[in-house]
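Novice: So I've got this file, target.txt, and it contains compact mmCIF, C-alpha atoms:
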# COMPACT_ATOMS: atom_id res chain seq x y z
CA VAL O 1 0.00 0.00 0.00
CA ALA O 2 1.30 3.41 -1.00
CA VAL O 3 -0.02 6.87 -0.14
CA ALA O 4 -0.29 10.08 -2.17
CA LEU O 5 -0.84 13.61 -0.90
CA VAL O 6 -2.15 15.74 -3.77
CA HIS O 7 -1.82 19.55 -4.03
CA HIS O 8 -3.53 19.82 -7.43
CA PRO O 9 -6.28 19.47 -8.55
CA VAL O 10 -7.97 20.17 -5.22
CA ARG O 11 -10.84 22.42 -4.17
CA ASN O 12 -10.74 25.54 -2.05
CA ARG O 13 -13.49 26.48 0.38
CA GLN O 14 -15.54 27.94 -2.46
CA GLY O 15 -15.30 24.69 -4.44
CA GLU O 16 -12.95 26.11 -7.06
CA VAL O 17 -10.14 23.92 -8.37
CA VAL O 18 -6.80 25.26 -7.14
CA THR O 19 -3.22 24.32 -6.34
CA THR O 20 -2.34 24.44 -2.64
CA SER O 21 1.09 25.10 -1.17
CA VAL O 22 3.15 22.30 0.28
CA THR O 23 3.57 22.65 4.03
CA ASN O 24 6.67 21.45 5.79
CA LEU O 25 4.46 20.02 8.47
CA ASP O 26 2.45 17.79 6.14
CA VAL O 27 5.69 16.44 4.70
CA HIS O 28 6.96 15.37 8.13
CA ASP O 29 3.65 14.16 9.52
CA PHE O 30 2.74 12.15 6.42
CA ALA O 31 6.22 10.60 6.33
CA ARG O 32 6.08 9.58 9.99
CA ILE O 33 2.55 8.21 9.84
CA CYS O 34 3.21 6.25 6.63
CA ARG O 35 6.40 4.82 8.12
CA THR O 36 4.51 3.76 11.25
CA TYR O 37 2.07 1.69 9.19
CA GLY O 38 4.59 0.49 6.60
CA ALA O 39 2.88 2.39 3.76
CA ALA O 40 5.44 3.17 1.03
CA PRO O 41 6.23 5.12 -0.98
CA PHE O 42 4.60 8.29 0.27
CA TYR O 43 4.10 10.32 -2.92
CA LEU O 44 4.04 14.06 -2.46
CA ALA O 45 2.43 15.46 -5.62
CA THR O 46 2.64 19.11 -6.63
CA PRO O 47 2.90 20.71 -10.08
CA ILE O 48 5.05 23.54 -8.68
CA GLU O 49 8.68 22.72 -9.36
CA ALA O 50 10.04 25.07 -6.69
CA GLN O 51 8.00 23.25 -4.06
CA ARG O 52 9.19 19.86 -5.25
CA ASP O 53 12.73 21.20 -4.90
CA MET O 54 11.92 22.43 -1.40
CA VAL O 55 10.74 18.99 -0.31
CA ARG O 56 13.81 17.36 -1.83
CA SER O 57 15.99 19.79 0.11
CA ILE O 58 14.21 18.93 3.37
CA VAL O 59 14.80 15.25 2.72
CA SER O 60 18.46 15.83 1.76
CA ARG O 61 19.10 17.86 4.89
CA TRP O 62 17.87 15.01 7.10
CA GLU O 63 19.65 12.39 5.01
CA ALA O 64 22.92 14.18 5.66
CA GLY O 65 22.24 14.56 9.38
CA PRO O 66 22.58 12.28 12.39
CA ASP O 67 20.47 9.19 12.90
CA HIS O 68 16.97 10.22 13.92
CA PRO O 69 13.47 8.77 13.51
CA ARG O 70 12.59 11.62 11.15
CA ARG O 71 15.42 10.66 8.84
CA GLU O 72 14.10 7.12 8.64
CA ALA O 73 10.58 8.39 7.99
CA LEU O 74 11.59 10.87 5.28
CA ALA O 75 13.44 8.16 3.38
CA GLY O 76 10.03 6.91 2.22
CA ILE O 77 9.10 10.09 0.33
CA ALA O 78 8.84 10.18 -3.46
CA VAL O 79 8.31 13.65 -4.93
CA VAL O 80 6.20 13.77 -8.12
CA ALA O 81 4.46 16.39 -10.22
CA SER O 82 1.01 14.80 -10.34
CA LEU O 83 -1.16 11.92 -9.26
CA PRO O 84 -0.82 10.22 -12.69
CA ASP O 85 2.96 10.40 -12.23
CA ALA O 86 2.60 8.71 -8.84
CA VAL O 87 0.45 5.97 -10.36
CA ALA O 88 2.98 5.44 -13.16
CA ASP O 89 5.90 5.29 -10.72
CA LEU O 90 4.14 2.80 -8.49
CA ALA O 91 3.12 0.70 -11.50
CA ALA O 92 6.77 0.54 -12.57
CA ARG O 93 7.82 -0.52 -9.07
CA VAL O 94 5.25 -3.29 -8.64
CA GLY O 95 4.81 -4.39 -12.26
CA ALA O 96 1.11 -3.63 -12.61
CA ARG O 97 -1.17 -0.62 -12.42
CA PRO O 98 -2.22 -0.06 -8.78
CA ASP O 99 -5.80 0.47 -7.72
CA VAL O 100 -6.37 4.14 -6.94
CA ILE O 101 -8.41 4.56 -3.75
CA VAL O 102 -9.46 8.13 -3.03
CA THR O 103 -10.47 9.61 0.31
CA GLY O 104 -12.50 12.66 1.20
CA ALA O 105 -14.64 14.14 3.95
CA ASN O 106 -17.59 14.47 1.59
CA LEU O 107 -17.56 11.07 -0.11
CA ARG O 108 -20.96 9.48 0.48
CA ASP O 109 -22.27 7.91 -2.74
CA GLY O 110 -20.81 4.82 -4.33
CA VAL O 111 -18.26 4.43 -1.57
CA SER O 112 -16.44 1.36 -0.29
CA THR O 113 -16.52 0.75 3.44
CA PHE O 114 -13.36 0.66 5.53
CA ALA O 115 -14.09 -3.00 6.26
CA ALA O 116 -14.33 -3.88 2.56
CA VAL O 117 -11.14 -2.05 1.60
CA ARG O 118 -9.29 -3.48 4.61
CA ALA O 119 -10.33 -6.98 3.56
CA SER O 120 -9.32 -6.39 -0.06
CA LEU O 121 -5.86 -5.27 1.05
CA ALA O 122 -5.45 -8.27 3.34
CA ASP O 123 -6.66 -10.99 0.99
CA GLY O 124 -4.39 -10.04 -1.91
CA SER O 125 -7.22 -9.26 -4.31
CA ARG O 126 -5.53 -5.94 -5.12
CA HIS O 127 -2.09 -6.19 -6.72
CA ALA O 128 -1.16 -2.82 -5.24
CA ALA O 129 -3.10 0.12 -3.92
CA LEU O 130 -2.49 3.86 -3.85
CA VAL O 131 -4.52 5.64 -1.17
CA VAL O 132 -4.96 9.28 -2.15
CA PHE O 133 -5.51 12.33 0.07
CA GLY O 134 -6.30 15.85 -1.06
CA THR O 135 -5.13 19.06 0.56
CA GLY O 136 -7.28 22.19 0.79
CA TRP O 137 -10.97 21.31 0.85
CA GLY O 138 -10.46 17.96 -0.84
CA LEU O 139 -9.68 16.28 -4.16
CA ALA O 140 -11.31 17.69 -7.29
CA ARG O 141 -14.30 15.83 -8.63
CA GLU O 142 -12.38 14.70 -11.73
CA VAL O 143 -10.03 12.76 -9.43
CA THR O 144 -12.66 11.16 -7.24
CA ASP O 145 -14.80 10.24 -10.27
CA ALA O 146 -11.90 8.51 -12.02
CA ALA O 147 -10.76 6.45 -9.02
CA ASP O 148 -11.04 2.68 -8.77
CA ALA O 149 -12.59 3.06 -5.33
CA ARG O 150 -13.86 5.84 -3.08
CA LEU O 151 -13.33 5.20 0.62
CA GLU O 152 -16.23 6.14 2.85
CA ALA O 153 -15.74 9.38 4.79
CA ILE O 154 -14.63 9.28 8.41
CA ASP O 155 -17.81 9.93 10.36
CA ALA O 156 -17.67 9.98 14.14
CA GLY O 157 -21.33 10.84 14.39
CA THR O 158 -20.93 14.40 15.66
CA GLY O 159 -21.72 16.18 12.40
CA PHE O 160 -18.29 17.85 12.37
CA ASN O 161 -16.14 16.67 9.45
CA HIS O 162 -13.22 19.05 9.23
CA LEU O 163 -10.28 16.90 10.26
CA PRO O 164 -6.79 18.03 9.31
CA VAL O 165 -5.59 15.88 6.40
CA ARG O 166 -2.79 14.64 8.67
CA ALA O 167 -5.35 13.30 11.12
CA ALA O 168 -7.38 11.73 8.32
CA LEU O 169 -4.27 9.89 7.12
CA ALA O 170 -3.59 8.53 10.62
CA ILE O 171 -7.15 7.31 11.06
CA VAL O 172 -7.43 5.82 7.57
CA LEU O 173 -4.15 3.88 7.81
CA ASP O 174 -5.03 2.66 11.30
CA ARG O 175 -8.41 1.43 10.08
CA LEU O 176 -6.99 -0.18 6.91
CA LEU O 177 -3.64 -1.50 8.16
CA GLY O 178 -3.69 -1.32 11.96
CA PRO O 179 -3.98 -4.29 14.31
CA GLY O 180 -7.76 -4.06 14.44
CA LEU O 181 -7.82 -5.82 17.79
CA TYR O 182 -10.24 -3.58 19.59
CA VAL P 1 -14.40 12.10 27.69
CA ALA P 2 -11.99 15.03 27.83
CA VAL P 3 -8.47 15.37 26.46
CA ALA P 4 -5.34 17.07 27.83
CA LEU P 5 -2.19 18.03 25.95
CA VAL P 6 0.61 18.49 28.47
CA HIS P 7 3.74 20.62 27.91
CA HIS P 8 5.22 19.98 31.38
CA PRO P 9 6.45 17.67 32.85
CA VAL P 10 7.50 15.87 29.67
CA ARG P 11 10.75 14.29 28.54
CA ASN P 12 13.14 15.43 25.85
CA ARG P 13 15.03 13.04 23.61
CA GLN P 14 17.64 12.54 26.34
CA GLY P 15 14.97 11.59 28.87
CA GLU P 16 15.32 14.80 30.87
CA VAL P 17 12.17 16.44 32.26
CA VAL P 18 11.50 19.68 30.41
CA THR P 19 8.80 22.15 29.40
CA THR P 20 8.04 22.24 25.67
CA SER P 21 6.73 25.19 23.71
CA VAL P 22 3.12 25.34 22.62
CA THR P 23 2.77 25.13 18.85
CA ASN P 24 -0.03 26.88 17.02
CA LEU P 25 -0.44 23.76 14.94
CA ASP P 26 -1.10 21.44 17.88
CA VAL P 27 -3.71 23.88 19.18
CA HIS P 28 -5.65 23.78 15.92
CA ASP P 29 -5.20 20.08 15.18
CA PHE P 30 -6.11 18.96 18.70
CA ALA P 31 -9.16 21.23 18.69
CA ARG P 32 -10.40 19.91 15.35
CA ILE P 33 -9.79 16.25 16.19
CA CYS P 34 -11.41 16.53 19.63
CA ARG P 35 -14.42 18.28 18.09
CA THR P 36 -14.75 15.53 15.48
CA TYR P 37 -15.05 12.88 18.17
CA GLY P 38 -17.05 14.97 20.64
CA ALA P 39 -14.23 14.98 23.22
CA ALA P 40 -14.52 18.08 25.42
CA PRO P 41 -13.01 20.07 26.91
CA PHE P 42 -9.62 19.93 25.25
CA TYR P 43 -7.26 21.10 28.01
CA LEU P 44 -4.08 22.74 26.82
CA ALA P 45 -1.70 22.66 29.80
CA THR P 46 1.44 24.77 30.04
CA PRO P 47 3.07 26.43 33.05
CA ILE P 48 4.26 29.33 30.87
CA GLU P 49 1.82 32.18 31.30
CA ALA P 50 2.84 33.96 28.07
CA GLN P 51 2.00 30.82 26.10
CA ARG P 52 -1.37 30.45 27.80
CA ASP P 53 -2.04 34.07 26.80
CA MET P 54 -0.97 33.26 23.22
CA VAL P 55 -3.47 30.42 22.99
CA ARG P 56 -6.24 32.56 24.45
CA SER P 57 -5.48 35.21 21.82
CA ILE P 58 -5.69 32.62 19.01
CA VAL P 59 -9.07 31.52 20.32
CA SER P 60 -10.28 35.12 20.72
CA ARG P 61 -9.25 36.02 17.21
CA TRP P 62 -11.33 33.18 15.74
CA GLU P 63 -14.23 33.88 18.10
CA ALA P 64 -14.41 37.41 16.75
CA GLY P 65 -14.17 36.27 13.13
CA PRO P 66 -16.65 34.87 10.62
CA ASP P 67 -18.31 31.50 10.97
CA HIS P 68 -15.78 28.78 10.18
CA PRO P 69 -15.23 25.17 11.26
CA ARG P 70 -12.05 26.24 13.08
CA ARG P 71 -14.03 28.65 15.19
CA GLU P 72 -16.38 25.88 16.25
CA ALA P 73 -13.44 23.59 17.04
CA LEU P 74 -11.51 26.18 19.05
CA ALA P 75 -14.54 26.84 21.24
CA GLY P 76 -13.75 23.56 23.01
CA ILE P 77 -10.34 24.64 24.31
CA ALA P 78 -9.69 25.21 28.01
CA VAL P 79 -6.29 26.70 28.81
CA VAL P 80 -4.76 25.58 32.12
CA ALA P 81 -1.39 25.76 33.87
CA SER P 82 -1.02 22.07 34.69
CA LEU P 83 -2.53 18.60 34.46
CA PRO P 84 -3.75 18.78 38.10
CA ASP P 85 -5.55 22.02 37.19
CA ALA P 86 -7.21 20.24 34.26
CA VAL P 87 -8.30 17.39 36.54
CA ALA P 88 -9.70 19.87 39.07
CA ASP P 89 -11.57 21.81 36.40
CA LEU P 90 -13.09 18.68 34.90
CA ALA P 91 -14.03 17.42 38.38
CA ALA P 92 -15.86 20.70 39.02
CA ARG P 93 -17.71 20.40 35.71
CA VAL P 94 -18.86 16.79 36.14
CA GLY P 95 -19.17 16.62 39.93
CA ALA P 96 -16.60 13.86 40.53
CA ARG P 97 -12.91 13.27 40.03
CA PRO P 98 -12.32 11.92 36.50
CA ASP P 99 -10.19 8.90 35.79
CA VAL P 100 -6.85 9.98 34.36
CA ILE P 101 -5.85 7.79 31.40
CA VAL P 102 -2.34 8.45 30.12
CA THR P 103 -0.95 7.63 26.68
CA GLY P 104 2.59 7.15 25.44
CA ALA P 105 4.61 5.47 22.73
CA ASN P 106 6.65 3.57 25.31
CA LEU P 107 3.91 2.32 27.62
CA ARG P 108 4.20 -1.44 27.77
CA ASP P 109 3.88 -2.69 31.37
CA GLY P 110 0.67 -2.59 33.36
CA VAL P 111 -1.26 -1.14 30.46
CA SER P 112 -4.95 -1.29 29.60
CA THR P 113 -5.87 -2.39 26.09
CA PHE P 114 -7.78 -0.14 23.71
CA ALA P 115 -10.63 -2.65 23.82
CA ALA P 116 -10.83 -2.54 27.62
CA VAL P 117 -10.75 1.26 27.83
CA ARG P 118 -13.27 1.58 24.98
CA ALA P 119 -15.62 -0.77 26.81
CA SER P 120 -15.20 1.10 30.09
CA LEU P 121 -16.11 4.37 28.39
CA ALA P 122 -19.15 2.86 26.72
CA ASP P 123 -20.62 1.01 29.69
CA GLY P 124 -20.60 3.99 32.05
CA SER P 125 -18.23 2.40 34.57
CA ARG P 126 -16.14 5.59 34.50
CA HIS P 127 -17.89 8.74 35.71
CA ALA P 128 -15.64 10.83 33.49
CA ALA P 129 -12.28 10.29 31.84
CA LEU P 130 -9.40 12.57 30.96
CA VAL P 131 -7.16 11.13 28.23
CA VAL P 132 -3.70 12.68 28.52
CA PHE P 133 -1.07 13.22 25.79
CA GLY P 134 2.48 14.44 26.31
CA THR P 135 4.46 16.65 23.94
CA GLY P 136 8.18 16.23 23.33
CA TRP P 137 9.27 12.65 23.88
CA GLY P 138 6.35 11.83 26.14
CA LEU P 139 4.91 12.36 29.61
CA ALA P 140 7.29 12.26 32.56
CA ARG P 141 7.35 9.08 34.59
CA GLU P 142 5.77 10.81 37.60
CA VAL P 143 2.66 11.45 35.51
CA THR P 144 2.35 7.98 33.98
CA ASP P 145 2.99 6.31 37.36
CA ALA P 146 0.26 8.34 39.08
CA ALA P 147 -2.43 7.73 36.43
CA ASP P 148 -5.55 5.65 36.97
CA ALA P 149 -4.85 3.81 33.71
CA ARG P 150 -2.07 3.60 31.13
CA LEU P 151 -3.33 3.03 27.60
CA GLU P 152 -1.32 0.53 25.57
CA ALA P 153 0.99 2.12 22.99
CA ILE P 154 -0.08 2.29 19.35
CA ASP P 155 1.85 -0.51 17.69
CA ALA P 156 1.38 -1.12 13.98
CA GLY P 157 3.94 -3.90 13.99
CA THR P 158 6.63 -2.11 12.01
CA GLY P 159 8.94 -1.29 14.92
CA PHE P 160 8.63 2.45 14.21
CA ASN P 161 6.86 4.30 17.03
CA HIS P 162 7.48 7.99 16.44
CA LEU P 163 4.05 9.28 15.53
CA PRO P 164 3.38 13.00 15.81
CA VAL P 165 1.28 13.59 18.94
CA ARG P 166 -1.46 14.97 16.64
CA ALA P 167 -1.61 11.63 14.84
CA ALA P 168 -1.61 9.69 18.11
CA LEU P 169 -4.61 11.73 19.28
CA ALA P 170 -6.51 10.97 16.08
CA ILE P 171 -5.84 7.25 16.31
CA VAL P 172 -6.57 7.00 20.04
CA LEU P 173 -9.89 8.85 19.80
CA ASP P 174 -10.91 6.81 16.76
CA ARG P 175 -10.13 3.58 18.59
CA LEU P 176 -11.85 4.65 21.81
CA LEU P 177 -14.80 6.65 20.48
CA GLY P 178 -15.06 5.91 16.74
CA PRO P 179 -17.75 3.81 15.09
CA GLY P 180 -15.69 0.64 15.35
CA LEU P 181 -17.59 -0.90 12.45
CA TYR P 182 -14.66 -2.19 10.48
Turn this file's structure into structure tokens for me.

Specialist:
Amino acid sequence: VAVALVHHPVRNRQGEVVTTSVTNLDVHDFARICRTYGAAPFYLATPIEAQRDMVRSIVSRWEAGPDHPRREALAGIAVVASLPDAVADLAARVGARPDVIVTGANLRDGVSTFAAVRASLADGSRHAALVVFGTGWGLAREVTDAADARLEAIDAGTGFNHLPVRAALAIVLDRLLGPGLY
Amino acid sequence: VAVALVHHPVRNRQGEVVTTSVTNLDVHDFARICRTYGAAPFYLATPIEAQRDMVRSIVSRWEAGPDHPRREALAGIAVVASLPDAVADLAARVGARPDVIVTGANLRDGVSTFAAVRASLADGSRHAALVVFGTGWGLAREVTDAADARLEAIDAGTGFNHLPVRAALAIVLDRLLGPGLY
């Protein structure tokens, strides 16, 4: 299972399709959470070349530094320009096109349950899977419509669905790949 | 169920007991995650008065602003000087001393499982509970030793246990209070 964090095409609060800025924090948090659950690579996708360079420089700085958990976590990052580039890279690594599984706080119709996706990952019925997260106010409709599967939204029953994307990643990986013994 | 994020006494990487700085990011992420799961109040505990003032000013700024999910989330914050002050405040709100349940990446001995704590929260056997998170490299030993319960560490089986505290909060609340239907 691999993970992608997409900065374009995503929506802003008004529903317009935009490109968001990469935040240093998301880079570190995504890397650490993915490493915890053994999800690799973690694809950071942005069309802005200067921001791809920035992420590469963060990774290089830690690579050159002393041994530290962050260094180990950041080793799992792959910087790409787009989600299709991430899919192509993962396909080349595993020898077959991965299933693209999108996430989003507003996904309700035609969704797959956490239980179903967890089972499909465990039983080997998917050759490889790329679980995709959008920044801003979520992935653009063109991305969610084209996906192989749409994961049901996290719904804790309080009516509030504005989790930070970092928190959504942690919960989704725990539900899909965690021990599940509770 | 209430949550506390403690900035003292916590350990640094060398195991020394220190006071960490409050980060704007933890304030927002904790507030949004707690609101998602209906955990309230979210106690932010720091002995540094200037940092308590900073958090209060963040909350005030959003309170005075337009309607926004962050405003709703930040309304659940209670700023306190220490964990004992959080316990006392919660006791006054609910009319009885809450059970203090500590978390930590290194808790192994004498721990309660997620399943056991989840069940105890659901069956009403605890009058109220305060789930406590430490910044830095975790809560000081004096805090974990004095707790009513120590929650088992999150262990995804990869040997890497350096989650951001924001991610640990998301996973813990999902395991304890989430739908559990997966």

Novice: Residues at most 12 Å from range 63-68 of chain O, counting only C-alpha atoms, excluding those fewer than 6 positions away in the same chain, as a PyMOL selection string?

Specialist: (chain O and resi 32+56-57+74-77) or (chain P and resi 13+160+162)

Novice: May I ask which of the residues O:Thr113, O:Thr135, O:Thr19, O:Ser125 is the closest one to chain P, counting all atoms listed in the file?

Specialist: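 Of O:Thr113, O:Thr135, O:Thr19, O:Ser125, the one nearest chain P, counting all atoms listed in the file, is O:Thr113.
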
Novice: Pick from P:Leu139, P:Leu163, P:Ile171, P:Ala115: nearest to Thr36 in chain O, with only C-alpha atoms counted?

Specialist: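 Ranked by minimum distance to Thr36 in chain O, first place goes to P:Leu163.
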
Novice: Give me, please, the distance in Å between CA of Ala156 in chain P and CA of Ser120 in chain O, quoted to one decimal.

Specialist: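 About the pair CA of Ala156 in chain P and CA of Ser120 in chain O: they are 18.4 Å apart.
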
Novice: Which neighbours of range 85-89 of chain P fall inside 12 Å, counting only C-alpha atoms, when residues of the same chain fewer than 3 positions from it are skipped, and could you give them as a count of residues only?

Specialist: 36

Novice: Chain O vs chain P: Cα RMSD after least-squares superposition over all Cα in order?

Specialist: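 The root-mean-square deviation of C-alpha positions is 0.0 Å.
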
Novice: Identify all chain O residues at most 10 Å from chain P by counting all atoms listed in the file; ligands do not count. Present them as a PyMOL selection string.

Specialist: chain O and resi 25+28-38+69-70+72-73+113-119+154-182

Novice: List the neighbours of Asn12 in chain O out to 12 Å using all atoms listed in the file; skip same-chain residues closer than 4 positions along the sequence, and give me the result as a VMD selection string.

Specialist: chain O and resid 7 to 8 16 to 21 134 to 140

Novice: Provide the CA of Val22 in chain O to CA of Ala91 in chain O distance in Å, to one decimal place.

Specialist: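 Rounded to one decimal, the two atoms are 24.6 Å apart.
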
Novice: I'd like to know which of O:Thr144, O:Gln14, O:Asn24, O:Ser60 is closest to Val102 in chain O, using all atoms listed in the file.

Specialist: O:Thr144

Novice: Could you check the closest approach to Asp148 in chain P for each of P:Val111, P:Val10, P:Ala39, P:Val55 and tell me which residue wins, using all atoms listed in the file?

Specialist: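 Result for the nearest residue to Asp148 in chain P: P:Val111.
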
Novice: Give me, please, the distance in Å between CA of Gly104 in chain O and CA of Ala153 in chain O, quoted to one decimal.

Specialist: 5.8 Å

Novice: Some atoms are absent from range 31-48 of chain P, so rebuild N, CA, C and O atoms and return them as a short mmCIF file (atom, residue, chain, number, x, y, z; two decimals), keeping the file's coordinate frame.

Specialist:
data_model
loop_
_atom_site.label_atom_id
_atom_site.label_comp_id
_atom_site.auth_asym_id
_atom_site.auth_seq_id
_atom_site.Cartn_x
_atom_site.Cartn_y
_atom_site.Cartn_z
N ALA P 31 -7.79 20.72 18.59
CA ALA P 31 -9.16 21.23 18.69
C ALA P 31 -10.06 20.58 17.65
O ALA P 31 -11.19 20.17 17.95
N ARG P 32 -9.56 20.47 16.41
CA ARG P 32 -10.40 19.91 15.35
C ARG P 32 -10.64 18.41 15.55
O ARG P 32 -11.75 17.91 15.30
N ILE P 33 -9.62 17.70 15.99
CA ILE P 33 -9.79 16.25 16.19
C ILE P 33 -10.72 15.98 17.37
O ILE P 33 -11.62 15.13 17.29
N CYS P 34 -10.53 16.71 18.47
CA CYS P 34 -11.41 16.53 19.63
C CYS P 34 -12.86 16.84 19.25
O CYS P 34 -13.78 16.11 19.62
N ARG P 35 -13.06 17.92 18.49
CA ARG P 35 -14.42 18.28 18.09
C ARG P 35 -15.05 17.19 17.22
O ARG P 35 -16.25 16.90 17.34
N THR P 36 -14.24 16.59 16.35
CA THR P 36 -14.75 15.53 15.48
C THR P 36 -15.31 14.36 16.28
O THR P 36 -16.34 13.78 15.90
N TYR P 37 -14.63 14.03 17.37
CA TYR P 37 -15.05 12.88 18.17
C TYR P 37 -15.89 13.27 19.39
O TYR P 37 -16.22 12.41 20.21
N GLY P 38 -16.22 14.54 19.51
CA GLY P 38 -17.05 14.97 20.64
C GLY P 38 -16.32 14.92 21.97
O GLY P 38 -16.97 14.84 23.03
N ALA P 39 -14.99 14.95 21.97
CA ALA P 39 -14.23 14.98 23.22
C ALA P 39 -14.11 16.42 23.69
O ALA P 39 -13.63 17.27 22.95
N ALA P 40 -14.55 16.70 24.92
CA ALA P 40 -14.52 18.08 25.42
C ALA P 40 -14.50 18.06 26.95
O ALA P 40 -15.09 17.17 27.56
N PRO P 41 -13.86 19.08 27.56
CA PRO P 41 -13.01 20.07 26.91
C PRO P 41 -11.70 19.45 26.42
O PRO P 41 -11.35 18.35 26.80
N PHE P 42 -11.01 20.22 25.57
CA PHE P 42 -9.62 19.93 25.25
C PHE P 42 -8.78 20.88 26.10
O PHE P 42 -8.78 22.09 25.89
N TYR P 43 -8.10 20.29 27.12
CA TYR P 43 -7.26 21.10 28.01
C TYR P 43 -5.86 21.24 27.42
O TYR P 43 -5.20 20.23 27.16
N LEU P 44 -5.45 22.48 27.21
CA LEU P 44 -4.08 22.74 26.82
C LEU P 44 -3.34 23.20 28.07
O LEU P 44 -3.68 24.25 28.63
N ALA P 45 -2.36 22.39 28.52
CA ALA P 45 -1.70 22.66 29.80
C ALA P 45 -0.26 23.07 29.60
O ALA P 45 0.55 22.32 29.05
N THR P 46 0.06 24.30 30.03
CA THR P 46 1.44 24.77 30.04
C THR P 46 1.65 25.69 31.23
O THR P 46 0.79 26.55 31.51
N PRO P 47 2.79 25.56 31.90
CA PRO P 47 3.07 26.43 33.05
C PRO P 47 3.50 27.83 32.63
O PRO P 47 3.62 28.71 33.48
N ILE P 48 3.73 28.04 31.33
CA ILE P 48 4.26 29.33 30.87
C ILE P 48 3.09 30.27 30.57
O ILE P 48 2.33 30.06 29.63
#
